[in-house]
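Here is run37.txt, consisting of compact mmCIF, C-alpha atoms:
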# COMPACT_ATOMS: atom_id res chain seq x y z
CA MET A 1 0.00 0.00 0.00
CA LEU A 2 2.90 2.34 0.73
CA LEU A 3 4.37 1.70 -2.73
CA PHE A 4 1.01 2.50 -4.34
CA LEU A 5 0.74 5.75 -2.34
CA GLN A 6 4.29 6.80 -3.21
CA ALA A 7 3.73 6.05 -6.90
CA PHE A 8 0.44 8.00 -6.83
CA ILE A 9 2.13 11.01 -5.19
CA GLY A 10 5.01 10.81 -7.67
CA SER A 11 2.59 10.84 -10.58
CA VAL A 12 0.69 13.79 -9.13
CA VAL A 13 3.92 15.75 -8.62
CA ILE A 14 5.16 15.04 -12.16
CA HIS A 15 1.81 16.08 -13.69
CA VAL A 16 1.60 19.26 -11.57
CA VAL A 17 5.16 20.22 -12.57
CA TYR A 18 4.30 19.53 -16.24
CA PHE A 19 1.09 21.61 -16.22
CA PHE A 20 2.70 24.44 -14.22
CA GLY A 21 5.68 24.44 -16.59
CA MET A 22 3.43 24.63 -19.66
CA MET A 23 1.43 27.51 -18.16
CA LEU A 24 4.62 29.33 -17.13
CA PHE A 25 6.12 28.84 -20.60
CA GLY A 26 2.95 30.20 -22.25
CA TYR A 27 2.84 33.13 -19.85
CA ILE A 28 6.47 34.04 -20.55
CA LYS A 29 5.94 33.79 -24.33
CA THR A 30 2.82 35.97 -24.07
CA ARG A 31 4.54 38.58 -21.90
CA ASN A 32 7.54 38.83 -24.24
CA TYR A 33 5.58 38.90 -27.52
CA LYS A 34 6.12 42.14 -29.41
CA PRO A 35 4.16 42.30 -32.67
CA ASP A 36 5.94 43.88 -35.62
CA PHE A 37 3.26 45.96 -37.29
CA ALA A 38 5.56 47.33 -40.00
CA SER A 39 6.44 43.92 -41.47
CA ALA A 40 2.88 42.65 -40.96
CA TRP A 41 1.58 45.52 -43.09
CA ASP A 42 3.77 44.36 -45.99
CA ASN A 43 2.29 40.83 -45.89
CA VAL A 44 -1.41 41.70 -45.64
CA GLU A 45 -2.57 39.23 -48.28
CA THR A 46 -0.82 36.26 -46.65
CA LEU A 47 -2.08 37.16 -43.20
CA GLN A 48 -5.70 37.26 -44.35
CA SER A 49 -5.60 33.91 -46.13
CA GLU A 50 -3.87 31.78 -43.46
CA VAL A 51 -5.97 29.51 -41.28
CA SER A 52 -4.60 27.25 -38.60
CA PHE A 53 -6.20 23.92 -37.77
CA SER A 54 -5.15 21.79 -34.84
CA LYS A 55 -6.26 18.74 -32.94
CA VAL A 56 -7.33 18.81 -29.31
CA ASN A 57 -6.52 15.78 -27.19
CA SER A 58 -9.17 14.06 -25.13
CA PRO A 59 -9.08 14.66 -21.37
CA PHE A 60 -9.04 10.88 -20.96
CA LEU A 61 -5.49 10.94 -22.35
CA TYR A 62 -4.36 12.53 -19.09
CA LEU A 63 -5.94 9.67 -17.15
CA PHE A 64 -3.85 7.20 -19.15
CA THR A 65 -0.68 9.27 -18.72
CA PHE A 66 -1.41 9.58 -14.99
CA VAL A 67 -1.75 5.81 -14.61
CA GLY A 68 1.29 5.19 -16.82
CA VAL A 69 3.47 7.58 -14.86
CA ALA A 70 2.22 6.07 -11.58
CA VAL A 71 3.21 2.59 -12.81
CA LEU A 72 6.59 3.91 -13.93
CA CYS A 73 7.11 5.62 -10.56
CA GLY A 74 6.13 2.40 -8.80
CA ILE A 75 8.68 0.41 -10.81
CA ILE A 76 11.41 2.94 -10.10
CA ILE A 77 10.59 3.06 -6.38
CA LYS A 78 10.49 -0.74 -6.23
CA PHE A 79 13.96 -1.07 -7.77
CA ILE A 80 15.45 1.74 -5.66
CA ASN A 81 14.28 0.23 -2.36

Same coordinates, now as structure tokens:
Amino acid sequence: MLLFLQAFIGSVVIHVVYFFGMMLFGYIKTRNYKPDFASAWDNVETLQSEVSFSKVNSPFLYLFTFVGVAVLCGIIIKFIN
């Protein structure tokens, strides 16, 4: 039971660090973004015709990564002790 609890806590810590890191990285990129209006004015036709499509991952993916990281943490803790 102690191994399960340690693996669970390890997975939580790794996921919290990951999400916090991604938010911090996005915040820093947003704070430091300086648009260049002069060069954007020269490329008006390309700016108006570009569309970006992306794929959004399912929230269930994080459940699988959480369980996977917990198993990996459990294996590492088992071999260390």

Nearby residues (all atoms listed in the file) at most 12 Å from region 18-25 of chain A, same-chain spacing under 5 positions excluded, as a compact mmCIF listing (two decimals) with C-alpha atoms, keeping the file's coordinate frame:
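Everything below was put into selection-v1.txt:
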# COMPACT_ATOMS: atom_id res chain seq x y z
CA SER A 11 2.59 10.84 -10.58
CA VAL A 12 0.69 13.79 -9.13
CA VAL A 13 3.92 15.75 -8.62
CA THR A 30 2.82 35.97 -24.07
CA ARG A 31 4.54 38.58 -21.90
CA ASN A 32 7.54 38.83 -24.24
CA TYR A 62 -4.36 12.53 -19.09
CA THR A 65 -0.68 9.27 -18.72
CA PHE A 66 -1.41 9.58 -14.99

**Request:** Excluding Gly68 (chain A) and any residue of its chain fewer than 5 positions from it, enumerate the residues within 12 Å of it, using all atoms listed in the file, and give them as a list in words.
**Result:** Ala7, Phe8, Gly10, Ser11, Val12, Ile14, His15, Leu61, Tyr62, Leu63, Cys73, Gly74 and Ile75 of chain A

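One distance worth recording is that between CA of Ile9 (chain A) and CA of Ile76 (chain A), which is 13.2 Å.
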
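The interatomic distance for the pair CA of Tyr27 (chain A) and CA of Ser39 (chain A) works out to 24.4 Å.
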
**Request:** One decimal, Å: what's the distance from CA of Met1 (chain A) over to CA of Phe64 (chain A), could you say?
**Result:** 20.8 Å

What residues have an atom no more than 7 Å from (10.1, 5.1, -3.5) in the file's own frame, counting all atoms listed in the file, and can you write them as a CSV table (one decimal) with C-alpha atoms, in the coordinates of the input?
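Listed below is the output, out35.csv:
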chain,number,residue,atom,x,y,z
A,3,LEU,CA,4.4,1.7,-2.7
A,6,GLN,CA,4.3,6.8,-3.2
A,77,ILE,CA,10.6,3.1,-6.4
A,78,LYS,CA,10.5,-0.7,-6.2
A,80,ILE,CA,15.4,1.7,-5.7
A,81,ASN,CA,14.3,0.2,-2.4
